[in-house]
$ cat coords.pdb   # PDB, C-alpha atoms
MODEL        1
ATOM      1  CA  MET A   1      -8.666   4.820  13.680
ATOM      2  CA  ILE A   2     -10.386   6.988  11.053
ATOM      3  CA  MET A   3     -13.333   5.279   9.391
ATOM      4  CA  LYS A   4     -12.394   4.114   5.866
ATOM      5  CA  TYR A   5     -15.229   5.774   4.009
ATOM      6  CA  LEU A   6     -14.187   9.177   5.305
ATOM      7  CA  PHE A   7     -10.775   9.130   3.682
ATOM      8  CA  PRO A   8     -11.608  10.046   0.022
ATOM      9  CA  ILE A   9     -14.119  12.649   1.236
ATOM     10  CA  LEU A  10     -11.523  14.235   3.489
ATOM     11  CA  LEU A  11      -8.978  14.216   0.676
ATOM     12  CA  CYS A  12     -11.302  16.278  -1.503
ATOM     13  CA  ALA A  13     -12.118  18.603   1.390
ATOM     14  CA  SER A  14      -8.455  19.139   2.145
ATOM     15  CA  LEU A  15      -7.669  20.030  -1.454
ATOM     16  CA  LEU A  16     -10.408  22.680  -1.329
ATOM     17  CA  CYS A  17      -9.190  24.138   1.972
ATOM     18  CA  VAL A  18      -6.321  26.638   2.226
ATOM     19  CA  SER A  19      -3.527  24.086   2.306
ATOM     20  CA  CYS A  20      -0.442  23.285   0.287
ATOM     21  CA  GLU A  21       2.514  20.958   0.678
ATOM     22  CA  LYS A  22       6.049  22.067   0.040
ATOM     23  CA  GLU A  23       9.543  21.380   1.252
ATOM     24  CA  LEU A  24      10.438  23.147   4.447
ATOM     25  CA  ASP A  25      12.810  25.555   2.735
ATOM     26  CA  PHE A  26      12.671  29.359   2.792
ATOM     27  CA  HIS A  27      13.181  31.103  -0.556
ATOM     28  CA  TYR A  28      14.497  34.654  -0.746
ATOM     29  CA  HIS A  29      15.312  36.844  -3.731
ATOM     30  CA  ASP A  30      18.870  37.430  -4.994
ATOM     31  CA  VAL A  31      19.739  40.555  -2.973
ATOM     32  CA  GLU A  32      22.385  41.564  -0.489
ATOM     33  CA  PRO A  33      22.605  39.136   2.441
ATOM     34  CA  GLN A  34      19.877  39.918   4.964
ATOM     35  CA  LEU A  35      19.518  38.985   8.614
ATOM     36  CA  LEU A  36      17.277  35.951   9.100
ATOM     37  CA  ILE A  37      15.771  35.365  12.564
ATOM     38  CA  GLU A  38      13.983  32.092  13.275
ATOM     39  CA  GLY A  39      12.664  32.122  16.829
ATOM     40  CA  ASN A  40      10.586  29.414  18.486
ATOM     41  CA  LEU A  41       9.203  29.169  22.018
ATOM     42  CA  THR A  42       7.555  25.863  22.929
ATOM     43  CA  GLU A  43       6.546  23.927  26.023
ATOM     44  CA  VAL A  44      10.202  22.865  26.473
ATOM     45  CA  GLY A  45      11.935  26.220  26.016
ATOM     46  CA  ALA A  46      13.174  28.706  23.431
ATOM     47  CA  ALA A  47      15.525  28.390  20.446
ATOM     48  CA  VAL A  48      16.563  31.306  18.228
ATOM     49  CA  SER A  49      18.712  30.923  15.121
ATOM     50  CA  LEU A  50      20.415  33.936  13.528
ATOM     51  CA  THR A  51      21.847  33.605  10.025
ATOM     52  CA  ARG A  52      22.174  35.648   6.847
ATOM     53  CA  THR A  53      20.657  34.868   3.498
ATOM     54  CA  THR A  54      22.986  33.804   0.680
ATOM     55  CA  PRO A  55      22.975  35.264  -2.851
ATOM     56  CA  MET A  56      21.512  32.767  -5.315
ATOM     57  CA  ASP A  57      24.791  32.509  -7.254
ATOM     58  CA  GLU A  58      26.723  31.398  -4.149
ATOM     59  CA  ALA A  59      26.747  28.184  -2.135
ATOM     60  CA  MET A  60      24.275  28.289   0.751
ATOM     61  CA  SER A  61      25.856  29.066   4.103
ATOM     62  CA  GLN A  62      24.518  27.743   7.404
ATOM     63  CA  ALA A  63      26.926  29.796   9.515
ATOM     64  CA  LYS A  64      25.226  31.097  12.674
ATOM     65  CA  ILE A  65      25.531  34.672  13.930
ATOM     66  CA  THR A  66      26.525  34.678  17.603
ATOM     67  CA  ASP A  67      27.727  38.272  18.122
ATOM     68  CA  ALA A  68      24.251  39.343  19.201
ATOM     69  CA  THR A  69      22.172  39.883  22.315
ATOM     70  CA  VAL A  70      18.971  37.843  22.417
ATOM     71  CA  ARG A  71      16.350  38.446  25.113
ATOM     72  CA  LEU A  72      12.977  36.811  25.597
ATOM     73  CA  THR A  73      10.443  38.674  27.736
ATOM     74  CA  ASP A  74       7.329  37.167  29.244
ATOM     75  CA  VAL A  75       5.278  40.348  28.892
ATOM     76  CA  THR A  76       2.408  38.912  30.913
ATOM     77  CA  ALA A  77       4.586  38.030  33.916
ATOM     78  CA  GLY A  78       7.095  40.862  33.461
ATOM     79  CA  VAL A  79      10.106  38.527  33.380
ATOM     80  CA  ALA A  80      13.002  38.829  30.899
ATOM     81  CA  THR A  81      15.538  36.094  30.117
ATOM     82  CA  SER A  82      18.811  36.303  28.173
ATOM     83  CA  LEU A  83      19.375  33.449  25.728
ATOM     84  CA  VAL A  84      22.865  31.976  25.363
ATOM     85  CA  PRO A  85      24.214  30.332  22.176
ATOM     86  CA  ASP A  86      24.989  26.622  22.405
ATOM     87  CA  GLU A  87      27.822  24.795  20.624
ATOM     88  CA  SER A  88      25.920  24.939  17.330
ATOM     89  CA  GLY A  89      25.387  28.704  17.590
ATOM     90  CA  VAL A  90      21.647  28.548  18.367
ATOM     91  CA  PHE A  91      20.509  30.812  21.221
ATOM     92  CA  LYS A  92      18.586  28.720  23.758
ATOM     93  CA  ASP A  93      16.805  28.757  27.106
ATOM     94  CA  VAL A  94      14.948  25.887  28.794
ATOM     95  CA  THR A  95      12.188  27.967  30.416
ATOM     96  CA  PRO A  96       8.891  26.626  29.001
ATOM     97  CA  GLY A  97       6.304  28.904  27.472
ATOM     98  CA  ILE A  98       3.030  29.353  29.366
ATOM     99  CA  GLU A  99      -0.298  29.106  27.555
ATOM    100  CA  GLY A 100      -2.006  32.487  27.158
ATOM    101  CA  HIS A 101       1.106  34.522  28.003
ATOM    102  CA  GLU A 102       2.423  37.117  25.575
ATOM    103  CA  TYR A 103       6.139  36.951  24.762
ATOM    104  CA  ARG A 104       8.469  39.417  23.048
ATOM    105  CA  LEU A 105      11.728  38.488  21.357
ATOM    106  CA  ASP A 106      14.386  41.220  21.111
ATOM    107  CA  VAL A 107      17.503  40.637  19.017
ATOM    108  CA  THR A 108      20.303  43.217  19.089
ATOM    109  CA  THR A 109      22.969  42.919  16.405
ATOM    110  CA  GLY A 110      24.770  45.247  14.021
ATOM    111  CA  GLY A 111      23.592  48.288  15.973
ATOM    112  CA  ASN A 112      19.908  47.476  15.455
ATOM    113  CA  VAL A 113      17.239  46.009  17.737
ATOM    114  CA  TYR A 114      14.684  43.713  16.113
ATOM    115  CA  SER A 115      11.506  42.902  18.061
ATOM    116  CA  SER A 116       8.547  40.595  17.578
ATOM    117  CA  ALA A 117       5.725  39.454  19.879
ATOM    118  CA  SER A 118       3.679  36.250  20.016
ATOM    119  CA  VAL A 119       1.059  34.802  22.359
ATOM    120  CA  MET A 120       1.589  31.197  23.496
ATOM    121  CA  ARG A 121      -1.334  29.283  22.086
ATOM    122  CA  GLU A 122      -3.315  26.301  23.347
ATOM    123  CA  GLN A 123      -1.842  22.911  22.498
ATOM    124  CA  THR A 124      -3.527  20.575  20.054
ATOM    125  CA  GLU A 125      -3.427  16.773  20.332
ATOM    126  CA  LEU A 126      -2.198  14.556  17.524
ATOM    127  CA  LEU A 127      -4.752  11.739  17.244
ATOM    128  CA  ASP A 128      -3.761   9.575  14.297
ATOM    129  CA  LEU A 129      -1.343   9.203  11.372
ATOM    130  CA  GLU A 130      -2.249   6.980   8.441
ATOM    131  CA  PHE A 131      -0.825   6.348   4.960
ATOM    132  CA  ARG A 132      -3.046   5.302   2.041
ATOM    133  CA  TRP A 133      -2.524   4.911  -1.699
ATOM    134  CA  ILE A 134      -4.674   7.308  -3.720
ATOM    135  CA  LYS A 135      -5.167   6.647  -7.443
ATOM    136  CA  MET A 136      -4.106   9.597  -9.574
ATOM    137  CA  PRO A 137      -4.137   9.749 -13.413
ATOM    138  CA  TYR A 138      -0.360   9.248 -13.581
ATOM    139  CA  ASP A 139       0.240   6.798 -10.693
ATOM    140  CA  TYR A 140      -0.732   5.836  -7.167
ATOM    141  CA  VAL A 141       0.411   8.427  -4.628
ATOM    142  CA  ALA A 142       1.049   7.851  -0.931
ATOM    143  CA  VAL A 143      -1.196  10.196   1.034
ATOM    144  CA  LEU A 144      -0.598  10.857   4.715
ATOM    145  CA  GLN A 145      -3.638  11.773   6.772
ATOM    146  CA  VAL A 146      -2.765  13.764   9.907
ATOM    147  CA  SER A 147      -5.641  13.896  12.398
ATOM    148  CA  PHE A 148      -5.529  16.285  15.354
ATOM    149  CA  THR A 149      -7.833  18.183  17.695
ATOM    150  CA  ASP A 150      -8.987  21.689  16.846
ATOM    151  CA  THR A 151      -8.760  24.193  19.681
ATOM    152  CA  PRO A 152     -12.143  25.738  20.685
ATOM    153  CA  GLN A 153     -11.644  29.197  19.177
ATOM    154  CA  ALA A 154     -13.066  29.803  15.713
ATOM    155  CA  GLY A 155     -10.629  30.723  12.969
ATOM    156  CA  ASP A 156      -7.669  28.821  14.407
ATOM    157  CA  CYS A 157      -4.710  28.168  12.138
ATOM    158  CA  TYR A 158      -2.112  25.402  12.137
ATOM    159  CA  TRP A 159       1.362  24.635  10.804
ATOM    160  CA  VAL A 160       1.926  20.948  10.002
ATOM    161  CA  ARG A 161       5.599  20.026   9.575
ATOM    162  CA  LEU A 162       6.897  16.699   8.244
ATOM    163  CA  TYR A 163      10.396  15.261   8.627
ATOM    164  CA  ARG A 164      11.813  12.287   6.723
ATOM    165  CA  ASN A 165      14.317  10.322   8.815
ATOM    166  CA  GLY A 166      14.936  13.431  10.903
ATOM    167  CA  GLU A 167      15.400  15.821   7.962
ATOM    168  CA  ALA A 168      12.948  18.529   6.880
ATOM    169  CA  TYR A 169      10.598  17.025   4.284
ATOM    170  CA  MET A 170       7.290  18.871   3.702
ATOM    171  CA  TRP A 171       4.942  21.278   5.437
ATOM    172  CA  SER A 172       1.453  22.645   5.103
ATOM    173  CA  VAL A 173      -0.523  25.488   6.635
ATOM    174  CA  LEU A 174      -4.275  25.472   7.111
ATOM    175  CA  ASP A 175      -7.150  26.911   9.098
ATOM    176  CA  ASP A 176      -9.999  25.097  10.845
ATOM    177  CA  CYS A 177     -12.580  25.568   8.089
ATOM    178  CA  HIS A 178     -13.054  21.820   7.712
ATOM    179  CA  ALA A 179     -12.903  20.757  11.348
ATOM    180  CA  VAL A 180     -15.482  18.038  12.077
ATOM    181  CA  SER A 181     -16.662  17.629  15.681
ATOM    182  CA  GLY A 182     -13.506  19.277  16.942
ATOM    183  CA  VAL A 183     -11.114  17.220  14.806
ATOM    184  CA  ILE A 184      -9.101  18.249  11.737
ATOM    185  CA  HIS A 185      -7.970  15.708   9.144
ATOM    186  CA  GLU A 186      -5.159  17.205   7.061
ATOM    187  CA  VAL A 187      -4.276  15.203   3.946
ATOM    188  CA  ILE A 188      -0.763  15.535   2.485
ATOM    189  CA  MET A 189       0.341  13.996  -0.820
ATOM    190  CA  THR A 190       3.848  12.573  -0.579
ATOM    191  CA  SER A 191       5.598   9.980  -2.755
ATOM    192  CA  ARG A 192       4.549   8.204  -5.943
ATOM    193  CA  LYS A 193       4.429   4.401  -5.930
ATOM    194  CA  ASP A 194       6.828   4.324  -8.885
ATOM    195  CA  THR A 195       9.881   5.640  -7.058
ATOM    196  CA  GLU A 196      11.866   5.789 -10.310
ATOM    197  CA  GLU A 197       9.579   8.621 -11.407
ATOM    198  CA  GLU A 198       9.701  10.447  -8.054
ATOM    199  CA  ASP A 199      12.046  13.310  -7.201
ATOM    200  CA  ASP A 200      14.707  12.559  -4.561
ATOM    201  CA  ASN A 201      13.382  15.456  -2.470
ATOM    202  CA  THR A 202       9.966  13.828  -2.096
ATOM    203  CA  VAL A 203      10.496  10.090  -2.569
ATOM    204  CA  LEU A 204       9.672   7.759   0.326
ATOM    205  CA  ARG A 205      11.139   4.275   0.604
ATOM    206  CA  ASP A 206      10.164   1.283   2.691
ATOM    207  CA  GLY A 207      11.266   1.812   6.293
ATOM    208  CA  ASP A 208      11.516   5.609   6.146
ATOM    209  CA  VAL A 209      10.316   7.241   9.352
ATOM    210  CA  VAL A 210       8.064  10.268   8.857
ATOM    211  CA  SER A 211       7.849  12.499  11.925
ATOM    212  CA  VAL A 212       4.996  14.989  12.222
ATOM    213  CA  GLU A 213       4.677  18.203  14.223
ATOM    214  CA  VAL A 214       1.462  20.229  14.549
ATOM    215  CA  LEU A 215       1.654  23.804  15.865
ATOM    216  CA  PRO A 216      -1.266  26.198  16.470
ATOM    217  CA  ILE A 217      -0.344  29.575  14.968
ATOM    218  CA  SER A 218      -1.677  33.125  14.780
ATOM    219  CA  LEU A 219      -3.365  34.587  11.713
ATOM    220  CA  GLY A 220      -0.258  36.736  11.162
ATOM    221  CA  MET A 221       1.948  33.657  11.111
ATOM    222  CA  PHE A 222      -0.560  31.959   8.812
ATOM    223  CA  ASP A 223      -0.288  34.863   6.343
ATOM    224  CA  TYR A 224       3.503  34.732   6.577
ATOM    225  CA  LEU A 225       3.638  31.012   5.745
ATOM    226  CA  VAL A 226       1.090  31.332   2.928
ATOM    227  CA  ALA A 227       3.333  34.004   1.388
ATOM    228  CA  LEU A 228       6.340  31.680   1.623
ATOM    229  CA  GLN A 229       4.382  29.073  -0.319
ATOM    230  CA  SER A 230       4.239  31.622  -3.159
ATOM    231  CA  ASP A 231       8.012  32.246  -2.960
ATOM    232  CA  SER A 232       7.486  35.606  -1.274
ATOM    233  CA  ASN A 233       9.286  36.843   1.836
ATOM    234  CA  GLY A 234       5.896  37.495   3.388
ATOM    235  CA  PRO A 235       4.811  40.289   5.732
ATOM    236  CA  GLN A 236       7.373  41.890   8.017
ATOM    237  CA  MET A 237       7.324  40.000  11.326
ATOM    238  CA  PHE A 238       9.844  42.164  13.225
ATOM    239  CA  SER A 239       9.970  45.862  14.039
ATOM    240  CA  GLY A 240      13.107  47.986  14.428
ATOM    241  CA  GLY A 241      14.664  47.415  11.011
ATOM    242  CA  PHE A 242      14.403  45.175   7.997
ATOM    243  CA  CYS A 243      15.054  41.482   8.520
ATOM    244  CA  LEU A 244      13.544  38.194   7.470
ATOM    245  CA  GLY A 245      12.104  35.398   9.578
ATOM    246  CA  TYR A 246       9.598  34.982  12.385
ATOM    247  CA  PHE A 247       9.046  34.503  16.100
ATOM    248  CA  LEU A 248       6.462  31.919  17.147
ATOM    249  CA  ALA A 249       5.297  30.935  20.634
ATOM    250  CA  SER A 250       3.448  27.652  20.254
ATOM    251  CA  PRO A 251       3.335  24.184  21.833
ATOM    252  CA  VAL A 252       4.201  21.286  19.537
ATOM    253  CA  ALA A 253       2.183  18.070  19.159
ATOM    254  CA  LYS A 254       4.432  15.276  17.839
ATOM    255  CA  GLY A 255       4.066  11.821  16.330
ATOM    256  CA  GLU A 256       5.733   9.512  13.817
ATOM    257  CA  ILE A 257       4.864   6.757  11.390
ATOM    258  CA  THR A 258       6.995   4.248   9.485
ATOM    259  CA  TYR A 259       6.396   4.111   5.737
ATOM    260  CA  ARG A 260       5.402   0.580   4.713
ATOM    261  CA  PRO A 261       4.167   0.734   1.096
ATOM    262  CA  ASP A 262       3.286  -2.976   0.865
ATOM    263  CA  GLN A 263       0.910  -2.656   3.842
ATOM    264  CA  MET A 264      -1.041   0.381   2.625
ATOM    265  CA  GLU A 265      -4.621   0.216   1.373
ATOM    266  CA  GLU A 266      -5.480   1.539  -2.099
ATOM    267  CA  VAL A 267      -8.299   4.075  -2.447
ATOM    268  CA  GLU A 268      -9.696   4.787  -5.908
TER     269      GLU A 268
ENDMDL
END
$ encode --input "coords.pdb" --output "structure tokens"
Amino acid sequence: MIMKYLFPILLCASLLCVSCEKELDFHYHDVEPQLLIEGNLTEVGAAVSLTRTTPMDEAMSQAKITDATVRLTDVTAGVATSLVPDESGVFKDVTPGIEGHEYRLDVTTGGNVYSSASVMREQTELLDLEFRWIKMPYDYVAVLQVSFTDTPQAGDCYWVRLYRNGEAYMWSVLDDCHAVSGVIHEVIMTSRKDTEEEDDNTVLRDGDVVSVEVLPISLGMFDYLVALQSDSNGPQMFSGGFCLGYFLASPVAKGEITYRPDQMEEVE
């Protein structure tokens, strides 16, 4: 368990570090529908979702594109695998990613081939999750501290993703500038104590389960996510033609905590 006196210090440090919390939604400008590729390779396999963006004056569509060829190549081992769409339309394969190997994702659709490469990074370990009340000028706010190990390389970056009862909730992106003795304590502001004044998108209620994922990411992916926080499409992550999205090879450290507001300590 994290020592109590560290918590307010770490909160201040986190607010100074490159970190921001926001719903896990991607925002794109009102233009013609564009191909969106979201590719992930983890320690349990690969999943690639192909969709198209929706004009802002139309209802959002979650329809998956399946008339495509999706191949994942382990460049290091020289092995290529074809991914097959499942019943939900997501292209999948159960071959796990190998730490240190470079992978390339190739998506062929509409007469174009889109390619992106990523190196499978070293896994971090999720050490602790803890909620506290932090006094703000307008109310007490529930702050979640996510503690995890920092990999040995300097300049590492991380993507912290939160889910509320299984649904995307918030996320943050940060580097290891405030790692202490090989541990990072990321502090994320969530729900106000006065739930009547909290937005439905961010409110937490007694018994809600908050799941947490921590992924080591490349500097390029870090820049991409930072751009999304500013409502920008970010740098181009694929070659071969214009599209949106990313391909990330990274192991996922997971944990969860149940929100119990009556049991949380208050920190001034």
$ closest_atom_pairs --input "coords.pdb" --of "stretch 112-132 of chain A" --to "stretch 250-260 of chain A" --cutoff "10 Å" --atoms "only C-alpha atoms" --output "Markdown table"
| residue | atom | partner | partner_atom | distance |
| --- | --- | --- | --- | --- |
| A:Ser118 | CA | A:Ser250 | CA | 8.6 |
| A:Val119 | CA | A:Ser250 | CA | 7.8 |
| A:Met120 | CA | A:Ser250 | CA | 5.2 |
| A:Arg121 | CA | A:Ser250 | CA | 5.4 |
| A:Glu122 | CA | A:Pro251 | CA | 7.1 |
| A:Gln123 | CA | A:Pro251 | CA | 5.4 |
| A:Thr124 | CA | A:Ala253 | CA | 6.3 |
| A:Glu125 | CA | A:Ala253 | CA | 5.9 |
| A:Leu126 | CA | A:Ala253 | CA | 5.8 |
| A:Leu127 | CA | A:Gly255 | CA | 8.9 |
| A:Asp128 | CA | A:Gly255 | CA | 8.4 |
| A:Leu129 | CA | A:Ile257 | CA | 6.7 |
| A:Glu130 | CA | A:Ile257 | CA | 7.7 |
| A:Phe131 | CA | A:Tyr259 | CA | 7.6 |
$ residues_around --input "coords.pdb" --residues "stretch 44-54 of chain A" --least-positions-apart "3" --cutoff "6 Å" --atoms "all atoms listed in the file" --output "JSON, numbers by chain"
{"A": [33, 34, 35, 36, 37, 38, 39, 40, 41, 60, 64, 65, 90, 91, 92, 93, 94, 95, 96]}
$ write_last_selection --input "coords.pdb" --atoms "C-alpha atoms" --output "PDB file, in the coordinates of the input"
ATOM      1  CA  PRO A  33      22.605  39.136   2.441  1.00  0.00           C
ATOM      2  CA  GLN A  34      19.877  39.918   4.964  1.00  0.00           C
ATOM      3  CA  LEU A  35      19.518  38.985   8.614  1.00  0.00           C
ATOM      4  CA  LEU A  36      17.277  35.951   9.100  1.00  0.00           C
ATOM      5  CA  ILE A  37      15.771  35.365  12.564  1.00  0.00           C
ATOM      6  CA  GLU A  38      13.983  32.092  13.275  1.00  0.00           C
ATOM      7  CA  GLY A  39      12.664  32.122  16.829  1.00  0.00           C
ATOM      8  CA  ASN A  40      10.586  29.414  18.486  1.00  0.00           C
ATOM      9  CA  LEU A  41       9.203  29.169  22.018  1.00  0.00           C
ATOM     10  CA  MET A  60      24.275  28.289   0.751  1.00  0.00           C
ATOM     11  CA  LYS A  64      25.226  31.097  12.674  1.00  0.00           C
ATOM     12  CA  ILE A  65      25.531  34.672  13.930  1.00  0.00           C
ATOM     13  CA  VAL A  90      21.647  28.548  18.367  1.00  0.00           C
ATOM     14  CA  PHE A  91      20.509  30.812  21.221  1.00  0.00           C
ATOM     15  CA  LYS A  92      18.586  28.720  23.758  1.00  0.00           C
ATOM     16  CA  ASP A  93      16.805  28.757  27.106  1.00  0.00           C
ATOM     17  CA  VAL A  94      14.948  25.887  28.794  1.00  0.00           C
ATOM     18  CA  THR A  95      12.188  27.967  30.416  1.00  0.00           C
ATOM     19  CA  PRO A  96       8.891  26.626  29.001  1.00  0.00           C
TER      20      PRO A  96
END
$ atom_distance --input "coords.pdb" --atom1 "atom CA of A:Leu219" --atom2 "atom CA of A:Cys157"
6.6 Å
$ residues_around --input "coords.pdb" --residues "stretch 195-198 of chain A" --least-positions-apart "2" --cutoff "12 Å" --atoms "all atoms listed in the file" --output "PyMOL selection string"
chain A and resi 138-142+190-193+200-206+261
$ residues_near_point --input "coords.pdb" --point "(4.2, 33.8, 16.0)" --cutoff "6 Å" --atoms "only C-alpha atoms" --output "JSON, numbers by chain"
{"A": [118, 221, 247, 248, 249]}
$ closest_residue --input "coords.pdb" --among "A:Ser181, A:Thr73, A:Thr108, A:Gln236" --to "A:Thr151" --atoms "only C-alpha atoms"
A:Ser181
$ atom_distance --input "coords.pdb" --atom1 "atom CA of A:Leu215" --atom2 "atom CA of A:Val160"
6.5 Å
$ atom_distance --input "coords.pdb" --atom1 "atom CA of A:Asn165" --atom2 "atom CA of A:Ala63"
23.2 Å
$ closest_residue --input "coords.pdb" --among "A:Ser211, A:Gln145, A:Ser218, A:Gln62" --to "A:Arg164" --atoms "only C-alpha atoms"
A:Ser211
$ closest_residue --input "coords.pdb" --among "A:Ala77, A:Val84, A:Ala117, A:Leu174" --to "A:Ile98" --atoms "all atoms listed in the file"
A:Ala77
$ resolve_selection --input "coords.pdb" --expression "the PyMOL selection byres ((chain A and resi 222) around 10)" --output "NGL selection string"
:A and (156-159 or 173-175 or 216-221 or 223-228)
$ resolve_selection --input "coords.pdb" --expression "the PyMOL selection byres ((chain A and resi 132) around 8)" --output "NGL selection string"
:A and (130-131 or 133-134 or 142-144 or 264-267)
$ closest_residue --input "coords.pdb" --among "A:Val214, A:Ile184, A:Val70, A:Val107" --to "A:Ser172" --atoms "all atoms listed in the file"
A:Val214
$ decode --input "coords.pdb" --residues "stretch 246-253 of chain A" --atoms "all heavy atoms" --output "PDB file, in the first residue's frame"
ATOM      1  N   TYR A 246      -4.294   3.683 -35.503  1.00  0.00           N
ATOM      2  CA  TYR A 246      -2.979   3.308 -35.002  1.00  0.00           C
ATOM      3  C   TYR A 246      -2.820   1.798 -35.018  1.00  0.00           C
ATOM      4  O   TYR A 246      -3.786   1.038 -35.123  1.00  0.00           O
ATOM      5  CB  TYR A 246      -2.810   3.807 -33.560  1.00  0.00           C
ATOM      6  CG  TYR A 246      -3.742   3.116 -32.582  1.00  0.00           C
ATOM      7  CD1 TYR A 246      -3.362   1.951 -31.919  1.00  0.00           C
ATOM      8  CD2 TYR A 246      -5.029   3.615 -32.343  1.00  0.00           C
ATOM      9  CE1 TYR A 246      -4.222   1.295 -31.045  1.00  0.00           C
ATOM     10  CE2 TYR A 246      -5.891   2.970 -31.467  1.00  0.00           C
ATOM     11  CZ  TYR A 246      -5.485   1.805 -30.827  1.00  0.00           C
ATOM     12  OH  TYR A 246      -6.345   1.157 -29.978  1.00  0.00           O
ATOM     13  N   PHE A 247      -1.566   1.359 -34.895  1.00  0.00           N
ATOM     14  CA  PHE A 247      -1.243  -0.036 -34.628  1.00  0.00           C
ATOM     15  C   PHE A 247      -0.261  -0.057 -33.475  1.00  0.00           C
ATOM     16  O   PHE A 247       0.774   0.603 -33.508  1.00  0.00           O
ATOM     17  CB  PHE A 247      -0.632  -0.718 -35.853  1.00  0.00           C
ATOM     18  CG  PHE A 247      -0.016  -2.062 -35.543  1.00  0.00           C
ATOM     19  CD1 PHE A 247      -0.757  -3.057 -34.909  1.00  0.00           C
ATOM     20  CD2 PHE A 247       1.311  -2.331 -35.854  1.00  0.00           C
ATOM     21  CE1 PHE A 247      -0.187  -4.289 -34.593  1.00  0.00           C
ATOM     22  CE2 PHE A 247       1.883  -3.563 -35.560  1.00  0.00           C
ATOM     23  CZ  PHE A 247       1.127  -4.540 -34.927  1.00  0.00           C
ATOM     24  N   LEU A 248      -0.589  -0.820 -32.427  1.00  0.00           N
ATOM     25  CA  LEU A 248       0.219  -0.854 -31.216  1.00  0.00           C
ATOM     26  C   LEU A 248       0.481  -2.291 -30.801  1.00  0.00           C
ATOM     27  O   LEU A 248      -0.453  -3.076 -30.631  1.00  0.00           O
ATOM     28  CB  LEU A 248      -0.502  -0.121 -30.080  1.00  0.00           C
ATOM     29  CG  LEU A 248       0.148  -0.199 -28.693  1.00  0.00           C
ATOM     30  CD1 LEU A 248       1.513   0.484 -28.694  1.00  0.00           C
ATOM     31  CD2 LEU A 248      -0.771   0.443 -27.647  1.00  0.00           C
ATOM     32  N   ALA A 249       1.768  -2.638 -30.653  1.00  0.00           N
ATOM     33  CA  ALA A 249       2.158  -3.929 -30.086  1.00  0.00           C
ATOM     34  C   ALA A 249       2.616  -3.678 -28.662  1.00  0.00           C
ATOM     35  O   ALA A 249       3.660  -3.052 -28.433  1.00  0.00           O
ATOM     36  CB  ALA A 249       3.270  -4.563 -30.916  1.00  0.00           C
ATOM     37  N   SER A 250       1.834  -4.139 -27.692  1.00  0.00           N
ATOM     38  CA  SER A 250       2.160  -3.857 -26.300  1.00  0.00           C
ATOM     39  C   SER A 250       1.441  -4.827 -25.379  1.00  0.00           C
ATOM     40  O   SER A 250       0.253  -5.101 -25.564  1.00  0.00           O
ATOM     41  CB  SER A 250       1.744  -2.424 -25.935  1.00  0.00           C
ATOM     42  OG  SER A 250       1.989  -2.161 -24.568  1.00  0.00           O
ATOM     43  N   PRO A 251       2.125  -5.358 -24.366  1.00  0.00           N
ATOM     44  CA  PRO A 251       1.448  -6.167 -23.352  1.00  0.00           C
ATOM     45  C   PRO A 251       0.586  -5.278 -22.465  1.00  0.00           C
ATOM     46  O   PRO A 251       0.833  -4.075 -22.343  1.00  0.00           O
ATOM     47  CB  PRO A 251       2.602  -6.789 -22.568  1.00  0.00           C
ATOM     48  CG  PRO A 251       3.716  -5.811 -22.725  1.00  0.00           C
ATOM     49  CD  PRO A 251       3.557  -5.199 -24.099  1.00  0.00           C
ATOM     50  N   VAL A 252      -0.423  -5.859 -21.848  1.00  0.00           N
ATOM     51  CA  VAL A 252      -1.377  -5.096 -21.050  1.00  0.00           C
ATOM     52  C   VAL A 252      -1.355  -5.582 -19.603  1.00  0.00           C
ATOM     53  O   VAL A 252      -1.563  -6.764 -19.327  1.00  0.00           O
ATOM     54  CB  VAL A 252      -2.810  -5.241 -21.610  1.00  0.00           C
ATOM     55  CG1 VAL A 252      -3.776  -4.355 -20.831  1.00  0.00           C
ATOM     56  CG2 VAL A 252      -2.849  -4.889 -23.096  1.00  0.00           C
ATOM     57  N   ALA A 253      -1.090  -4.664 -18.672  1.00  0.00           N
ATOM     58  CA  ALA A 253      -1.207  -4.955 -17.241  1.00  0.00           C
ATOM     59  C   ALA A 253      -2.603  -4.539 -16.794  1.00  0.00           C
ATOM     60  O   ALA A 253      -3.043  -3.417 -17.082  1.00  0.00           O
ATOM     61  CB  ALA A 253      -0.138  -4.201 -16.450  1.00  0.00           C
TER      62      ALA A 253
END
